[in-house]
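One file, start-v6.pdb, carrying PDB, C-alpha atoms and all ligand atoms:
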ATOM      1  CA  MET A  11     133.767  98.110 116.405
ATOM      2  CA  LYS A  12     134.368  95.028 114.298
ATOM      3  CA  PHE A  13     131.966  94.336 111.443
ATOM      4  CA  ALA A  14     131.840  91.057 109.506
ATOM      5  CA  VAL A  15     130.128  91.286 106.122
ATOM      6  CA  PHE A  16     129.021  88.153 104.267
ATOM      7  CA  GLY A  17     128.161  88.201 100.538
ATOM      8  CA  GLY A  18     125.955  90.796  98.823
ATOM      9  CA  ASP A  19     126.024  93.103  95.811
ATOM     10  CA  GLN A  20     127.505  96.544  95.047
ATOM     11  CA  ARG A  21     125.492  98.116  97.878
ATOM     12  CA  ILE A  22     127.240  95.839 100.349
ATOM     13  CA  VAL A  23     130.633  96.582  98.783
ATOM     14  CA  GLN A  24     129.938 100.285  99.386
ATOM     15  CA  LEU A  25     128.775  99.465 102.905
ATOM     16  CA  CYS A  26     132.154  97.782 103.628
ATOM     17  CA  ARG A  27     133.999 100.791 102.253
ATOM     18  CA  LEU A  28     131.947 103.260 104.287
ATOM     19  CA  LEU A  29     132.285 101.261 107.510
ATOM     20  CA  ALA A  30     136.063 101.176 107.047
ATOM     21  CA  GLU A  31     136.093 104.925 106.322
ATOM     22  CA  ASP A  32     134.242 105.458 109.586
ATOM     23  CA  GLY A  33     137.171 103.813 111.378
ATOM     24  CA  HIS A  34     135.646 100.387 112.042
ATOM     25  CA  ARG A  35     137.461  97.093 111.544
ATOM     26  CA  VAL A  36     135.778  95.323 108.634
ATOM     27  CA  SER A  37     136.220  91.732 107.575
ATOM     28  CA  SER A  38     134.411  90.343 104.535
ATOM     29  CA  PHE A  39     133.756  86.929 103.057
ATOM     30  CA  ALA A  40     132.171  85.961  99.704
ATOM     31  CA  LEU A  41     132.812  89.346  98.086
ATOM     32  CA  ASP A  42     135.825  88.071  96.134
ATOM     33  CA  LYS A  43     134.725  89.424  92.712
ATOM     34  CA  ALA A  44     134.607  92.957  94.152
ATOM     35  CA  GLY A  45     138.411  92.982  94.301
ATOM     36  CA  PRO A  46     140.474  94.401  97.150
ATOM     37  CA  LEU A  47     138.730  97.087  99.206
ATOM     38  CA  THR A  48     140.754  99.635 101.132
ATOM     39  CA  GLY A  49     140.536  99.012 104.861
ATOM     40  CA  VAL A  50     138.577  95.766 104.434
ATOM     41  CA  ALA A  51     140.185  92.422 105.293
ATOM     42  CA  ALA A  52     139.112  89.647 102.928
ATOM     43  CA  ALA A  53     138.763  86.603 105.217
ATOM     44  CA  ALA A  54     139.367  83.000 104.163
ATOM     45  CA  SER A  55     136.142  81.744 105.757
ATOM     46  CA  PHE A  56     132.914  82.849 107.418
ATOM     47  CA  ARG A  57     134.369  81.834 110.767
ATOM     48  CA  GLU A  58     137.506  83.915 110.310
ATOM     49  CA  ALA A  59     135.463  86.953 109.247
ATOM     50  CA  ALA A  60     132.996  86.550 112.117
ATOM     51  CA  GLU A  61     135.586  86.072 114.856
ATOM     52  CA  LYS A  62     134.937  88.572 117.674
ATOM     53  CA  ALA A  63     132.627  90.619 115.408
ATOM     54  CA  ASP A  64     130.352  93.068 117.206
ATOM     55  CA  CYS A  65     128.043  93.049 114.203
ATOM     56  CA  VAL A  66     127.584  90.616 111.311
ATOM     57  CA  VAL A  67     125.876  91.932 108.179
ATOM     58  CA  LEU A  68     124.103  89.548 105.809
ATOM     59  CA  PRO A  69     123.079  90.822 102.353
ATOM     60  CA  LEU A  70     119.871  92.142 100.843
ATOM     61  CA  PRO A  71     118.195  89.757 100.232
ATOM     62  CA  ALA A  72     119.955  87.444 102.654
ATOM     63  CA  ALA A  73     119.098  84.294 100.685
ATOM     64  CA  ARG A  74     119.485  84.020  96.924
ATOM     65  CA  GLN A  75     117.537  80.812  96.678
ATOM     66  CA  ARG A  76     116.480  78.302  99.250
ATOM     67  CA  GLY A  77     119.327  77.490 101.542
ATOM     68  CA  LEU A  78     122.031  79.585  99.820
ATOM     69  CA  LEU A  79     123.542  82.903 100.885
ATOM     70  CA  ASN A  80     123.079  85.672  98.298
ATOM     71  CA  THR A  81     126.591  86.036  96.860
ATOM     72  CA  PRO A  82     126.432  87.667  93.391
ATOM     73  CA  LEU A  83     129.990  88.975  93.820
ATOM     74  CA  SER A  84     131.566  85.651  94.674
ATOM     75  CA  ALA A  85     132.751  82.760  92.535
ATOM     76  CA  GLY A  86     131.526  80.399  95.260
ATOM     77  CA  GLU A  87     128.132  79.188  96.484
ATOM     78  CA  TYR A  88     127.634  78.996 100.217
ATOM     79  CA  PRO A  89     124.893  77.369 102.289
ATOM     80  CA  LEU A  90     123.278  79.857 104.665
ATOM     81  CA  GLU A  91     123.755  77.238 107.329
ATOM     82  CA  ASP A  92     127.548  77.689 107.040
ATOM     83  CA  ALA A  93     127.288  81.485 107.248
ATOM     84  CA  ILE A  94     124.935  81.485 110.214
ATOM     85  CA  GLY A  95     126.763  78.648 111.939
ATOM     86  CA  ALA A  96     129.945  80.744 111.967
ATOM     87  CA  ILE A  97     128.399  83.680 113.839
ATOM     88  CA  GLU A  98     129.342  84.039 117.494
ATOM     89  CA  PRO A  99     126.411  84.322 119.918
ATOM     90  CA  HIS A 100     127.287  87.820 121.213
ATOM     91  CA  SER A 101     127.222  89.384 117.711
ATOM     92  CA  CYS A 102     124.378  91.586 116.556
ATOM     93  CA  VAL A 103     123.180  90.166 113.223
ATOM     94  CA  CYS A 104     121.609  92.435 110.605
ATOM     95  CA  ALA A 105     120.170  90.952 107.419
ATOM     96  CA  GLY A 106     117.982  92.161 104.560
ATOM     97  CA  MET A 107     114.628  90.695 103.491
ATOM     98  CA  VAL A 108     114.876  87.756 105.852
ATOM     99  CA  ASP A 109     112.710  84.843 104.760
ATOM    100  CA  ARG A 110     111.115  82.383 107.137
ATOM    101  CA  ASP A 111     113.684  79.634 106.518
ATOM    102  CA  THR A 112     116.619  81.964 107.214
ATOM    103  CA  ALA A 113     115.020  83.271 110.408
ATOM    104  CA  ALA A 114     114.323  79.686 111.534
ATOM    105  CA  LEU A 115     117.905  78.686 110.794
ATOM    106  CA  ALA A 116     119.192  81.593 112.890
ATOM    107  CA  ALA A 117     116.838  80.665 115.728
ATOM    108  CA  THR A 118     118.350  77.170 115.878
ATOM    109  CA  GLN A 119     121.693  78.895 116.638
ATOM    110  CA  ASN A 120     120.031  81.165 119.240
ATOM    111  CA  LEU A 121     120.669  84.154 116.988
ATOM    112  CA  THR A 122     118.131  86.883 116.291
ATOM    113  CA  LEU A 123     118.321  88.481 112.861
ATOM    114  CA  THR A 124     117.264  92.100 112.641
ATOM    115  CA  ASP A 125     115.864  92.777 109.176
ATOM    116  CA  TYR A 126     117.130  96.171 108.057
ATOM    117  CA  LEU A 127     114.732  96.186 105.080
ATOM    118  CA  LEU A 128     111.826  96.423 107.520
ATOM    119  CA  ARG A 129     113.134  99.655 109.010
ATOM    120  CA  GLU A 130     111.057 102.701 108.114
ATOM    121  CA  GLU A 131     114.074 105.011 107.825
ATOM    122  CA  LEU A 132     115.609 102.690 105.233
ATOM    123  CA  ALA A 133     112.338 102.426 103.308
ATOM    124  CA  ILE A 134     111.947 106.217 103.147
ATOM    125  CA  LYS A 135     115.516 106.871 102.022
ATOM    126  CA  ASN A 136     115.271 104.001  99.522
ATOM    127  CA  ALA A 137     112.099 105.617  98.213
ATOM    128  CA  ALA A 138     114.034 108.845  97.597
ATOM    129  CA  ALA A 139     116.668 106.909  95.617
ATOM    130  CA  THR A 140     113.953 105.023  93.724
ATOM    131  CA  VAL A 141     112.261 108.283  92.783
ATOM    132  CA  GLU A 142     115.503 109.643  91.325
ATOM    133  CA  GLY A 143     115.822 106.491  89.217
ATOM    134  CA  ALA A 144     112.192 106.827  88.137
ATOM    135  CA  LEU A 145     112.659 110.471  87.130
ATOM    136  CA  SER A 146     115.690 109.535  85.076
ATOM    137  CA  LEU A 147     113.672 106.830  83.283
ATOM    138  CA  LEU A 148     110.759 109.175  82.643
ATOM    139  CA  ILE A 149     113.147 111.732  81.141
ATOM    140  CA  GLN A 150     114.902 109.141  78.978
ATOM    141  CA  GLU A 151     111.853 107.196  77.862
ATOM    142  CA  THR A 152     109.488 110.008  76.878
ATOM    143  CA  PRO A 153     109.854 112.388  73.943
ATOM    144  CA  VAL A 154     108.448 115.313  75.966
ATOM    145  CA  THR A 155     109.664 117.377  78.922
ATOM    146  CA  LEU A 156     108.453 116.505  82.393
ATOM    147  CA  TRP A 157     107.583 120.177  82.638
ATOM    148  CA  ASP A 158     104.034 120.507  81.334
ATOM    149  CA  SER A 159     103.509 116.721  81.169
ATOM    150  CA  ARG A 160     100.354 115.202  82.591
ATOM    151  CA  ILE A 161     101.476 112.434  84.911
ATOM    152  CA  LEU A 162      99.416 109.979  86.933
ATOM    153  CA  VAL A 163     101.058 108.458  90.026
ATOM    154  CA  LEU A 164      99.208 105.385  91.302
ATOM    155  CA  GLY A 165      99.586 104.990  95.080
ATOM    156  CA  PHE A 166     100.379 107.537  97.767
ATOM    157  CA  GLY A 167     102.833 105.628  99.957
ATOM    158  CA  ARG A 168     106.480 106.549 100.404
ATOM    159  CA  ILE A 169     107.410 106.439  96.731
ATOM    160  CA  GLY A 170     104.114 107.941  95.549
ATOM    161  CA  LYS A 171     104.402 110.915  97.920
ATOM    162  CA  LEU A 172     108.015 111.688  97.034
ATOM    163  CA  LEU A 173     107.515 111.157  93.320
ATOM    164  CA  ALA A 174     104.501 113.468  93.201
ATOM    165  CA  HIS A 175     106.460 116.118  95.124
ATOM    166  CA  ARG A 176     109.512 115.940  92.839
ATOM    167  CA  LEU A 177     107.408 115.849  89.637
ATOM    168  CA  ARG A 178     105.493 118.943  90.647
ATOM    169  CA  GLY A 179     108.796 120.682  91.416
ATOM    170  CA  MET A 180     109.771 119.975  87.812
ATOM    171  CA  GLY A 181     106.604 121.561  86.500
ATOM    172  CA  ALA A 182     104.530 118.466  85.711
ATOM    173  CA  GLU A 183     100.764 118.447  86.102
ATOM    174  CA  VAL A 184     100.411 115.699  88.705
ATOM    175  CA  THR A 185      97.433 113.488  89.502
ATOM    176  CA  VAL A 186      97.780 110.986  92.358
ATOM    177  CA  SER A 187      95.590 108.004  93.229
ATOM    178  CA  ALA A 188      94.968 106.483  96.653
ATOM    179  CA  ARG A 189      92.447 104.081  98.108
ATOM    180  CA  ASN A 190      91.742 105.599 101.504
ATOM    181  CA  PHE A 191      89.890 108.785 102.342
ATOM    182  CA  GLY A 192      92.705 110.250 104.455
ATOM    183  CA  ASP A 193      95.247 109.954 101.632
ATOM    184  CA  LEU A 194      92.736 111.304  99.125
ATOM    185  CA  ALA A 195      92.227 114.328 101.383
ATOM    186  CA  TRP A 196      96.010 114.855 101.662
ATOM    187  CA  ILE A 197      96.392 114.604  97.885
ATOM    188  CA  ARG A 198      93.804 117.334  97.393
ATOM    189  CA  ALA A 199      95.125 119.465 100.270
ATOM    190  CA  LEU A 200      98.617 119.352  98.742
ATOM    191  CA  GLY A 201      97.186 120.674  95.492
ATOM    192  CA  TYR A 202      97.353 117.571  93.306
ATOM    193  CA  LYS A 203      94.435 116.209  91.317
ATOM    194  CA  SER A 204      93.158 112.986  92.882
ATOM    195  CA  LEU A 205      91.754 109.671  91.734
ATOM    196  CA  ASP A 206      90.443 106.732  93.748
ATOM    197  CA  THR A 207      92.657 103.712  92.985
ATOM    198  CA  ARG A 208      89.592 101.469  93.397
ATOM    199  CA  ALA A 209      87.616 103.350  90.748
ATOM    200  CA  LEU A 210      89.942 104.165  87.867
ATOM    201  CA  GLU A 211      87.509 103.066  85.126
ATOM    202  CA  GLY A 212      86.845 105.881  82.664
ATOM    203  CA  LYS A 213      89.533 108.113  84.229
ATOM    204  CA  LEU A 214      92.746 107.041  82.500
ATOM    205  CA  GLY A 215      92.645 109.151  79.333
ATOM    206  CA  GLY A 216      94.670 112.356  79.037
ATOM    207  CA  PHE A 217      97.979 111.293  80.615
ATOM    208  CA  ASP A 218     101.446 111.375  79.058
ATOM    209  CA  CYS A 219     102.813 108.959  81.672
ATOM    210  CA  VAL A 220     101.440 106.633  84.328
ATOM    211  CA  VAL A 221     103.724 105.560  87.165
ATOM    212  CA  ASN A 222     102.538 102.695  89.337
ATOM    213  CA  THR A 223     103.694 102.172  92.930
ATOM    214  CA  VAL A 224     100.893  99.807  94.026
ATOM    215  CA  PRO A 225     102.135  96.218  94.510
ATOM    216  CA  SER A 226      98.892  94.692  93.321
ATOM    217  CA  PRO A 227      97.568  94.091  89.774
ATOM    218  CA  ILE A 228      95.443  97.196  89.288
ATOM    219  CA  LEU A 229      96.281  98.225  85.699
ATOM    220  CA  THR A 230      94.236  95.568  83.936
ATOM    221  CA  GLU A 231      93.804  95.208  80.196
ATOM    222  CA  ALA A 232      90.466  97.051  80.349
ATOM    223  CA  LEU A 233      92.137 100.037  82.040
ATOM    224  CA  LEU A 234      95.175  99.965  79.761
ATOM    225  CA  LYS A 235      92.804 100.288  76.774
ATOM    226  CA  GLU A 236      91.781 103.711  78.081
ATOM    227  CA  LEU A 237      95.297 105.177  77.912
ATOM    228  CA  ASP A 238      96.096 107.777  75.242
ATOM    229  CA  PRO A 239      98.269 106.571  72.328
ATOM    230  CA  GLY A 240     101.923 107.142  73.251
ATOM    231  CA  CYS A 241     101.293 107.162  77.017
ATOM    232  CA  PHE A 242     104.342 105.685  78.751
ATOM    233  CA  CYS A 243     103.801 103.340  81.717
ATOM    234  CA  LEU A 244     106.414 102.831  84.399
ATOM    235  CA  ASP A 245     105.815 100.195  87.058
ATOM    236  CA  LEU A 246     107.932 100.572  90.206
ATOM    237  CA  ALA A 247     106.055  98.078  92.383
ATOM    238  CA  SER A 248     107.668  94.860  93.608
ATOM    239  CA  LYS A 249     106.305  91.485  92.528
ATOM    240  CA  PRO A 250     103.602  90.873  91.412
ATOM    241  CA  GLY A 251     103.792  94.444  90.067
ATOM    242  CA  GLY A 252     100.747  96.521  89.224
ATOM    243  CA  MET A 253     100.198  96.140  85.520
ATOM    244  CA  ASP A 254      99.363  93.515  82.931
ATOM    245  CA  PHE A 255     102.508  93.647  80.780
ATOM    246  CA  ALA A 256     101.265  91.003  78.350
ATOM    247  CA  ALA A 257      98.169  93.107  77.667
ATOM    248  CA  ALA A 258     100.296  96.260  77.360
ATOM    249  CA  SER A 259     102.417  94.527  74.739
ATOM    250  CA  ARG A 260      99.315  93.363  72.822
ATOM    251  CA  LEU A 261      97.951  96.905  72.909
ATOM    252  CA  GLY A 262     101.227  98.468  71.745
ATOM    253  CA  ILE A 263     101.681 100.426  74.993
ATOM    254  CA  ARG A 264     105.243 101.285  75.973
ATOM    255  CA  ALA A 265     105.698  99.893  79.450
ATOM    256  CA  LEU A 266     108.667  99.284  81.711
ATOM    257  CA  TRP A 267     108.941  97.415  85.007
ATOM    258  CA  ALA A 268     111.893  98.966  86.825
ATOM    259  CA  LEU A 269     112.950  97.146  89.976
ATOM    260  CA  GLY A 270     116.068  97.539  92.107
ATOM    261  CA  LEU A 271     116.532 101.195  91.170
ATOM    262  CA  PRO A 272     118.464 102.289  94.313
ATOM    263  CA  ALA A 273     121.165  99.666  93.684
ATOM    264  CA  GLU A 274     121.217 100.510  89.983
ATOM    265  CA  VAL A 275     121.269 104.302  90.020
ATOM    266  CA  ALA A 276     122.827 105.054  93.401
ATOM    267  CA  PRO A 277     124.803 102.095  94.842
ATOM    268  CA  VAL A 278     126.946 104.374  97.005
ATOM    269  CA  SER A 279     123.899 106.065  98.509
ATOM    270  CA  ALA A 280     122.180 102.681  98.844
ATOM    271  CA  GLY A 281     125.218 101.429 100.803
ATOM    272  CA  ALA A 282     125.151 104.547 102.984
ATOM    273  CA  ILE A 283     121.440 104.047 103.651
ATOM    274  CA  ILE A 284     122.121 100.486 104.853
ATOM    275  CA  ARG A 285     125.058 101.676 106.986
ATOM    276  CA  ASP A 286     122.998 104.402 108.667
ATOM    277  CA  THR A 287     120.200 101.934 109.348
ATOM    278  CA  ILE A 288     122.618  99.420 110.880
ATOM    279  CA  TYR A 289     124.036 102.179 113.089
ATOM    280  CA  ASN A 290     120.490 102.973 114.235
ATOM    281  CA  ILE A 291     119.837  99.290 115.007
ATOM    282  CA  LEU A 292     123.091  99.054 117.006
ATOM    283  CA  GLU A 293     122.315 102.248 118.885
ATOM    284  CA  GLU A 294     118.881 100.928 119.820
ATOM    285  CA  GLN A 295     120.206  97.516 120.835
ATOM    286  CA  ASN A 296     123.427  98.435 122.607
ATOM    287  CA  GLY A 297     123.776 102.194 122.601
ATOM    288  CA  LYS A 298     126.949 101.878 120.517
ATOM    289  CA  THR A 299     128.229 102.578 116.990
TER     290      THR A 299
HETATM  291  P1  LIG A 301     104.071 101.909 100.500
HETATM  292  O1  LIG A 301     104.561 103.087 101.260
HETATM  293  O2  LIG A 301     103.550 100.721 101.222
HETATM  294  O3  LIG A 301     102.951 102.422  99.449
HETATM  295  C1  LIG A 301     102.177 101.530  98.681
HETATM  296  C2  LIG A 301     100.951 102.258  98.180
HETATM  297  O4  LIG A 301     100.153 101.307  97.469
HETATM  298  C3  LIG A 301     100.051 102.822  99.282
HETATM  299  O5  LIG A 301      99.423 103.986  98.804
HETATM  300  C4  LIG A 301      99.016 101.691  99.460
HETATM  301  O6  LIG A 301      97.790 102.131  99.969
HETATM  302  C5  LIG A 301      98.839 101.284  98.042
HETATM  303  N1  LIG A 301      98.281  99.938  97.906
HETATM  304  C6  LIG A 301      98.820  98.782  98.383
HETATM  305  N2  LIG A 301      98.036  97.744  98.022
HETATM  306  C7  LIG A 301      96.998  98.253  97.317
HETATM  307  C8  LIG A 301      95.858  97.680  96.668
HETATM  308  N3  LIG A 301      95.633  96.368  96.675
HETATM  309  N4  LIG A 301      95.001  98.522  96.044
HETATM  310  C9  LIG A 301      95.205  99.846  96.016
HETATM  311  N5  LIG A 301      96.263 100.456  96.609
HETATM  312  C10 LIG A 301      97.136  99.663  97.257
HETATM  313  O7  LIG A 301     105.217 101.348  99.551
HETATM  314  P2  LIG A 301     106.417 102.176  98.896
HETATM  315  O8  LIG A 301     107.556 102.219  99.835
HETATM  316  O9  LIG A 301     105.865 103.428  98.322
HETATM  317  O10 LIG A 301     106.824 101.168  97.734
HETATM  318  C11 LIG A 301     105.911 100.906  96.695
HETATM  319  C12 LIG A 301     106.339  99.649  95.946
HETATM  320  O11 LIG A 301     107.620  99.878  95.344
HETATM  321  C13 LIG A 301     106.542  98.427  96.850
HETATM  322  O12 LIG A 301     106.140  97.290  96.133
HETATM  323  C14 LIG A 301     108.048  98.401  97.099
HETATM  324  O13 LIG A 301     108.495  97.090  97.419
HETATM  325  C15 LIG A 301     108.529  98.843  95.747
HETATM  326  N6  LIG A 301     109.889  99.374  95.683
HETATM  327  C16 LIG A 301     110.409  99.431  94.438
HETATM  328  C17 LIG A 301     111.684  99.929  94.254
HETATM  329  C18 LIG A 301     112.236  99.985  92.857
HETATM  330  O14 LIG A 301     113.452 100.109  92.693
HETATM  331  N7  LIG A 301     111.373  99.917  91.850
HETATM  332  C19 LIG A 301     112.432 100.377  95.344
HETATM  333  C20 LIG A 301     111.856 100.349  96.619
HETATM  334  C21 LIG A 301     110.566  99.832  96.773
HETATM  335  P3  LIG A 301      97.468 102.007 101.564
HETATM  336  O15 LIG A 301      98.404 102.956 102.259
HETATM  337  O16 LIG A 301      96.046 102.392 101.632
HETATM  338  O17 LIG A 301      97.755 100.574 101.939
END

Show the structure stored in the file as C-alpha cells.
Amino acid sequence: MKFAVFGGDQRIVQLCRLLAEDGHRVSSFALDKAGPLTGVAAAASFREAAEKADCVVLPLPAARQRGLLNTPLSAGEYPLEDAIGAIEPHSCVCAGMVDRDTAALAATQNLTLTDYLLREELAIKNAAATVEGALSLLIQETPVTLWDSRILVLGFGRIGKLLAHRLRGMGAEVTVSARNFGDLAWIRALGYKSLDTRALEGKLGGFDCVVNTVPSPILTEALLKELDPGCFCLDLASKPGGMDFAAASRLGIRALWALGLPAEVAPVSAGAIIRDTIYNILEEQNGKT
C-alpha cells in the first residue's frame, strides 16, 4: 500500500519508519526537521505525497491552532486547507483528535476523516504507555519505594485500572476511587481499598502519593488541605486536569501535571500503537493492510 503522512511529532516519525519496515511505500511532507528516514520519500508538496495514496495520515492532534496543520517537526507552517485539498477522493484519511473545523473542512472536499484517537484499542494501549510514564515519575519524585507506599488512584477508567494493577504488582498498598457503584464493586472485588470520588472529604489523610486520572476539578483546596505533609500529587488527566495547582503551591504540596506521557517516554511504542490502529481502521473499511 502507499501511505502519505503529513506533519506530526516523533510518534509520527516512528509511524513512518514502521510503515516502511512493514514493506509499504511511504511518502511524507512537513517532517523536514526529522531528517532523512530510511524507506520514506520526503515529498516536495502535500499533493506529491498524496498522489495515489491508499491512506493519508494526519497528525495527533491534526490541527495545531485554528486552520494550521500540526507540524512541530517542520520549519514551515501549512494551512490545513492545503493539506486536505491535496488528498485524492479514494484515499482513506486517518487523523488524530479531529476538531470540528477540520472535520468540516474535510467534508467540503467529500472526505471522511477517521479519528484514530477515538479508537478504544488505541486508548487502552496509550493508557499502558501512560502508566509506565506515571510509574517512572512516582519512582523519581518520591523519596520512598513504591513497595509499601500508600497510594490513592482517583478514577477507575483505563489508566486507573492499569495503574492500580501495576502498583499492586510492585507491592504498593492501593486505594482506588470511582463514582459509580459497579466500579466501586469491581475495586473491592479486585482487593483494593475503595473510595467514592464524589465523597472524598475527610478521607485523604494517610497517603504517600495521590494520582489523579479524572478529567474534572475534583482535588479542591479544601481536599488538598487534608493531605499528609510530603504527599506527592501526580495529575495525569487532560485539560482541565483534576487538581487546583495554585492551591497546591500555596499549601506547599508537591504536585506535577504530566501530560503527553506516551510520546515522551515511549515514542516508538506510541508510533506502533498508531500504526496498529490505522491497520485496524483499514481492515474494517477495506479489508486490506
Ligand atoms: P477514562 O477511561 O474515561 O477514565 C476516566 C475516569 O474518570 C473514569 O473512572 C470516570 O468515571 C472518571 N470521571 C470522569 N469524569 C468524572 C467526574 N466529573 N467525577 C468523577 N469521576 C469522573 O479515561 P482514561 O483513558 O483513563 O484517561 C484518563 C485521563 O487521562 C483523560 O483525561 C485522558 O485524556 C488522559 N490521558 C492522559 C495521558 C497522559 O499522558 N497524562 C495519556 C492518555 C490519556 P466514569 O467511568 O464513571 O465516567

Show me which residues are within 7 Å of ligand LIG 301 (chain A) counting all atoms listed in the file, and format the list as a VMD selection string. chain A and resid 133 to 134 136 to 137 140 165 to 170 188 to 190 207 to 208 223 to 226 228 246 to 249 268 to 272

Go through the shown structure with the PyMOL selection byres (((chain A and resi 73) around 10) and not hetatm) and write out the matching residues as a VMD selection string. chain A and resid 17 to 18 68 to 72 74 to 81 89 to 90 105 to 109 111 to 112

List the residues matched by the PyMOL selection byres (((chain A and resi 206) around 12) and not hetatm) in the displayed structure as a ChimeraX atom specification, ordered by chain and then by residue number. /A:162-166,185-195,197-198,203-205,207-214,228

Which residues are close to Ala40 in chain A, i.e. within 10 Å by all atoms listed in the file, leaving aside same-chain residues fewer than 4 positions away? Reply as a short mmCIF file (atom, residue, chain, number, x, y, z; two decimals) with C-alpha atoms, in the coordinates of the input.
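Output (around_7.cif):
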data_model
loop_
_atom_site.label_atom_id
_atom_site.label_comp_id
_atom_site.auth_asym_id
_atom_site.auth_seq_id
_atom_site.Cartn_x
_atom_site.Cartn_y
_atom_site.Cartn_z
CA VAL A 15 130.13 91.29 106.12
CA PHE A 16 129.02 88.15 104.27
CA GLY A 17 128.16 88.20 100.54
CA GLY A 18 125.96 90.80 98.82
CA ALA A 44 134.61 92.96 94.15
CA ALA A 52 139.11 89.65 102.93
CA ALA A 53 138.76 86.60 105.22
CA ALA A 54 139.37 83.00 104.16
CA SER A 55 136.14 81.74 105.76
CA PHE A 56 132.91 82.85 107.42
CA LEU A 79 123.54 82.90 100.88
CA ASN A 80 123.08 85.67 98.30
CA THR A 81 126.59 86.04 96.86
CA PRO A 82 126.43 87.67 93.39
CA LEU A 83 129.99 88.98 93.82
CA SER A 84 131.57 85.65 94.67
CA ALA A 85 132.75 82.76 92.54
CA GLY A 86 131.53 80.40 95.26
CA GLU A 87 128.13 79.19 96.48
CA TYR A 88 127.63 79.00 100.22
#

Which residues are near Arg264 in chain A? Cut-off 12 Å, all atoms listed in the file, ignore same chain within fewer than 6 positions. Put them as an MDAnalysis selection string. chainID A and resid 148 151:152 218:220 234 237:245 253:258

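Going from CA of Glu274 in chain A to CA of Ser146 in chain A covers 11.7 Å.
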
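Shortest separation to Gly252 in chain A among A:Asn120, A:Thr230, A:Ser101, A:Thr287 occurs at residue A:Thr230, atoms counted being only C-alpha atoms.
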
Expand the PyMOL selection byres (((chain A and resi 60) around 8) and not hetatm) into the explicit residue set it covers here, and present it as a list in words.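 Selection result, ordered by chain and number: Phe13, Ala14, Ser37, Phe56, Arg57, Glu58, Ala59, Glu61, Lys62, Ala63, Val66, Ala96, Ile97 and Glu98 of chain A.
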
Mind writing the picked residues with C-alpha atoms as an mmCIF file, in the frame of the given file?
data_model
loop_
_atom_site.group_PDB
_atom_site.id
_atom_site.type_symbol
_atom_site.label_atom_id
_atom_site.label_comp_id
_atom_site.auth_asym_id
_atom_site.auth_seq_id
_atom_site.Cartn_x
_atom_site.Cartn_y
_atom_site.Cartn_z
ATOM 1 C CA PHE A 13 131.966 94.336 111.443
ATOM 2 C CA ALA A 14 131.840 91.057 109.506
ATOM 3 C CA SER A 37 136.220 91.732 107.575
ATOM 4 C CA PHE A 56 132.914 82.849 107.418
ATOM 5 C CA ARG A 57 134.369 81.834 110.767
ATOM 6 C CA GLU A 58 137.506 83.915 110.310
ATOM 7 C CA ALA A 59 135.463 86.953 109.247
ATOM 8 C CA GLU A 61 135.586 86.072 114.856
ATOM 9 C CA LYS A 62 134.937 88.572 117.674
ATOM 10 C CA ALA A 63 132.627 90.619 115.408
ATOM 11 C CA VAL A 66 127.584 90.616 111.311
ATOM 12 C CA ALA A 96 129.945 80.744 111.967
ATOM 13 C CA ILE A 97 128.399 83.680 113.839
ATOM 14 C CA GLU A 98 129.342 84.039 117.494
#

Here's a test: counting all atoms listed in the file, identify every protein, DNA and RNA residue with an atom at most 12 Å from (133.0, 101.4, 114.5) in the file's coordinate frame, and state them as a compact mmCIF listing (two decimals) with C-alpha atoms, keeping the file's coordinate frame.
# COMPACT_ATOMS: atom_id res chain seq x y z
CA MET A 11 133.77 98.11 116.40
CA LYS A 12 134.37 95.03 114.30
CA PHE A 13 131.97 94.34 111.44
CA ALA A 14 131.84 91.06 109.51
CA CYS A 26 132.15 97.78 103.63
CA LEU A 28 131.95 103.26 104.29
CA LEU A 29 132.28 101.26 107.51
CA ALA A 30 136.06 101.18 107.05
CA GLU A 31 136.09 104.92 106.32
CA ASP A 32 134.24 105.46 109.59
CA GLY A 33 137.17 103.81 111.38
CA HIS A 34 135.65 100.39 112.04
CA ARG A 35 137.46 97.09 111.54
CA VAL A 36 135.78 95.32 108.63
CA ALA A 63 132.63 90.62 115.41
CA ASP A 64 130.35 93.07 117.21
CA CYS A 65 128.04 93.05 114.20
CA ARG A 285 125.06 101.68 106.99
CA ASP A 286 123.00 104.40 108.67
CA ILE A 288 122.62 99.42 110.88
CA TYR A 289 124.04 102.18 113.09
CA LEU A 292 123.09 99.05 117.01
CA GLU A 293 122.32 102.25 118.88
CA LYS A 298 126.95 101.88 120.52
CA THR A 299 128.23 102.58 116.99

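Across the structure, CA of Leu173 in chain A and CA of Gly262 in chain A are spaced 25.8 Å apart.
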
Residue nearest Lys171 in chain A among A:Ala113, A:Ala138, A:Val278, A:Ile149 (counting all atoms listed in the file):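 Among A:Ala113, A:Ala138, A:Val278, A:Ile149, it is A:Ala138 that comes nearest to Lys171 in chain A.
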
Which residue, A:Glu142, A:Cys104, A:Ile22, A:Arg110, has the smallest gap to Leu128 in chain A when you use all atoms listed in the file?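 Of all the options, A:Cys104 lies closest to Leu128 in chain A.
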
So, counting all atoms listed in the file, which residue among A:Asp19, A:Arg27, A:Arg176, A:Leu156 is closest to Gly49 in chain A? A:Arg27
